[in-house]
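Notes for the one structure printed next.
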Amino acid sequence: MSDCIFCKIIDGSIPSTKVYEDDHVLAFMDVSPLTKGHTLLIPKQHVKDIFEMPEDVARNLYAVAPKIAGAIKSAFNPVGMNTLNNNGAFAGQTVFHYHLHFIPRYDETDGLKMKWETK
Ligand code: 5GP
Ligand code: ZN
């Protein structure tokens, strides 16, 4: 999609810090990290959100998710990690090319509080 920033990251016309790439997916560092090591995993096929995601695209993306999480854990040594995905503007989606967030957590020192966190 010509006006999609993540398609432009895939084709290299927008620069990014890539951390993993294969025929089906790309992982790269979030430009405005919520915590140190915040990474995004996207399908190379332009898919808007989970509701439009074909099964084979989901299979290829989620097959590598544990490997991406493990690499981030090794690199940054967090004590936990949120993996999450927003679908639709109301749910907080701002880039309309499906992406899975990996947000490493460093206990209370990371300064981040998810809505559902109680302490
Ligand atoms: P959403 O709010 O749609 O779930 O998440 C979009 C994410 O994409 C945000 O965390 C935002 O910082 C990130 N992002 C937006 N534009 C760019 C960009 O040009 N490069 C990179 N690396 N990340 C981006
Ligand atoms: Zn796209």
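Residues in the structure tokens are numbered from 1 in each chain, the chains being A, B, ... in the order shown, and ligands are numbered from 1 in the order shown.
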Original post:
Given a cut-off of 10 Å, what residues near ligand 1 show up using only C-alpha atoms and all ligand atoms, put as an MDAnalysis selection string?
Top reply: chainID A and resid 4:6 8:9 14:18 27:34 38:40 49 84:89 91:103
Serialized selection, N, CA and C atoms, as a tab-separated table (two decimals), in the first residue's frame:
```
chain	number	residue	atom	x	y	z
A	4	CYS	N	1.15	3.62	3.20
A	4	CYS	CA	1.29	2.95	4.50
A	4	CYS	C	2.74	3.04	4.97
A	5	ILE	N	2.95	3.62	6.17
A	5	ILE	CA	4.34	3.80	6.61
A	5	ILE	C	5.03	2.47	6.89
A	6	PHE	N	4.28	1.46	7.31
A	6	PHE	CA	4.95	0.18	7.57
A	6	PHE	C	5.28	-0.54	6.27
A	8	LYS	N	6.27	1.08	3.74
A	8	LYS	CA	7.48	1.82	3.34
A	8	LYS	C	8.69	1.36	4.15
A	9	ILE	N	8.47	0.99	5.39
A	9	ILE	CA	9.57	0.42	6.18
A	9	ILE	C	9.99	-0.92	5.56
A	14	ILE	N	11.36	4.12	4.08
A	14	ILE	CA	11.47	4.75	5.39
A	14	ILE	C	12.47	3.92	6.20
A	15	PRO	N	13.50	4.56	6.76
A	15	PRO	CA	14.51	3.79	7.50
A	15	PRO	C	13.97	3.24	8.82
A	16	SER	N	14.52	2.13	9.26
A	16	SER	CA	14.15	1.56	10.56
A	16	SER	C	15.32	0.74	11.07
A	17	THR	N	15.26	0.44	12.35
A	17	THR	CA	16.26	-0.46	12.94
A	17	THR	C	15.66	-1.86	12.94
A	18	LYS	N	16.06	-2.65	11.96
A	18	LYS	CA	15.49	-3.99	11.80
A	18	LYS	C	16.18	-4.97	12.74
A	27	ALA	N	10.64	-7.56	11.86
A	27	ALA	CA	10.61	-6.98	13.20
A	27	ALA	C	11.59	-5.82	13.25
A	28	PHE	N	11.16	-4.72	13.88
A	28	PHE	CA	12.00	-3.52	13.95
A	28	PHE	C	11.69	-2.76	15.23
A	29	MET	N	12.62	-1.92	15.63
A	29	MET	CA	12.45	-1.16	16.87
A	29	MET	C	11.40	-0.07	16.69
A	30	ASP	N	10.55	0.09	17.71
A	30	ASP	CA	9.56	1.17	17.69
A	30	ASP	C	10.29	2.52	17.78
A	31	VAL	N	9.87	3.47	16.96
A	31	VAL	CA	10.55	4.77	16.91
A	31	VAL	C	10.29	5.60	18.18
A	32	SER	N	9.21	5.34	18.88
A	32	SER	CA	8.91	6.03	20.15
A	32	SER	C	8.70	4.98	21.23
A	33	PRO	N	9.78	4.36	21.69
A	33	PRO	CA	9.64	3.19	22.59
A	33	PRO	C	8.97	3.53	23.92
A	34	LEU	N	8.01	2.70	24.30
A	34	LEU	CA	7.37	2.85	25.62
A	34	LEU	C	8.33	2.43	26.72
A	38	HIS	N	11.41	-1.76	23.03
A	38	HIS	CA	10.07	-1.87	22.42
A	38	HIS	C	10.22	-2.15	20.92
A	39	THR	N	9.63	-3.26	20.51
A	39	THR	CA	9.82	-3.79	19.15
A	39	THR	C	8.46	-4.08	18.53
A	40	LEU	N	8.37	-3.97	17.21
A	40	LEU	CA	7.15	-4.29	16.48
A	40	LEU	C	7.42	-5.41	15.49
A	49	ASP	N	-5.73	-5.21	10.04
A	49	ASP	CA	-5.92	-5.55	11.45
A	49	ASP	C	-6.24	-7.03	11.59
A	84	LEU	N	1.23	-7.25	22.68
A	84	LEU	CA	-0.15	-6.81	22.46
A	84	LEU	C	-0.32	-6.18	21.09
A	85	ASN	N	-1.58	-6.09	20.70
A	85	ASN	CA	-1.93	-5.62	19.36
A	85	ASN	C	-3.22	-4.84	19.46
A	86	ASN	N	-3.24	-3.65	18.86
A	86	ASN	CA	-4.42	-2.79	18.86
A	86	ASN	C	-5.12	-2.88	17.51
A	87	ASN	N	-6.45	-3.01	17.52
A	87	ASN	CA	-7.23	-3.14	16.29
A	87	ASN	C	-8.33	-2.10	16.26
A	88	GLY	N	-8.20	-1.15	15.34
A	88	GLY	CA	-9.19	-0.08	15.21
A	88	GLY	C	-8.78	1.14	16.03
A	89	ALA	N	-9.15	2.32	15.49
A	89	ALA	CA	-8.76	3.57	16.14
A	89	ALA	C	-9.26	3.64	17.58
A	91	ALA	N	-9.58	1.35	19.64
A	91	ALA	CA	-8.75	0.48	20.48
A	91	ALA	C	-7.30	0.95	20.55
A	92	GLY	N	-7.02	2.11	19.96
A	92	GLY	CA	-5.68	2.68	20.07
A	92	GLY	C	-4.78	2.44	18.87
A	93	GLN	N	-5.32	1.84	17.81
A	93	GLN	CA	-4.49	1.62	16.62
A	93	GLN	C	-4.26	2.95	15.90
A	94	THR	N	-2.98	3.24	15.62
A	94	THR	CA	-2.65	4.48	14.91
A	94	THR	C	-2.01	4.22	13.56
A	95	VAL	N	-1.44	3.04	13.38
A	95	VAL	CA	-0.87	2.65	12.09
A	95	VAL	C	-1.69	1.45	11.61
A	96	PHE	N	-2.28	1.59	10.43
A	96	PHE	CA	-3.27	0.60	10.00
A	96	PHE	C	-2.66	-0.45	9.08
A	97	HIS	N	-1.55	-0.98	9.58
A	97	HIS	CA	-0.89	-2.19	9.05
A	97	HIS	C	-0.64	-3.02	10.30
A	98	TYR	N	-1.19	-4.21	10.34
A	98	TYR	CA	-1.15	-5.03	11.56
A	98	TYR	C	0.25	-5.05	12.18
A	99	HIS	N	0.33	-4.91	13.50
A	99	HIS	CA	1.62	-5.02	14.18
A	99	HIS	C	1.41	-5.56	15.58
A	100	LEU	N	2.34	-6.41	15.97
A	100	LEU	CA	2.36	-6.96	17.33
A	100	LEU	C	3.47	-6.24	18.10
A	101	HIS	N	3.06	-5.61	19.21
A	101	HIS	CA	4.04	-4.92	20.07
A	101	HIS	C	4.72	-5.92	21.01
A	102	PHE	N	6.01	-5.75	21.21
A	102	PHE	CA	6.76	-6.43	22.27
A	102	PHE	C	7.29	-5.32	23.17
A	103	ILE	N	6.77	-5.26	24.40
A	103	ILE	CA	7.14	-4.18	25.31
A	103	ILE	C	7.81	-4.79	26.54
```
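Across the structure, CA of Tyr62 (chain A) and CA of Cys7 (chain A) are spaced 19.0 Å apart.
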**OP:** Can you pull out every residue within 12 Å of Val57 (chain A), counting only C-alpha atoms, but drop anything in the same chain fewer than 5 positions away, and send it as a list in words?
**Re:**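 With the cut-off at 12 Å, the set is Asp23, His24, Val25, Ile42, Pro43, Lys44, Gln45, His46, Val47, Lys48, Asp49, Ile50, Glu52, Tyr62, Ala63, Val64, Tyr98 and His99 of chain A.
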**OP:** Going by DSSP on the backbone, which bits of region 1-95 of chain A are strand (DSSP E or B)? Write them as a list in words, please.
**Re:**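 Written out, the strand (DSSP E or B) residues of region 1-95 of chain A are Lys18, Val19, Tyr20, Glu21, Val25, Leu26, Ala27, Phe28, Met29, Thr39, Leu40, Leu41, Ile42, Pro43, Gly80, Met81, Asn82, Thr83 and Leu84 of chain A.
Going from CA of Lys73 (chain A) over to CA of Lys115 (chain A), you cover 23.1 Å.
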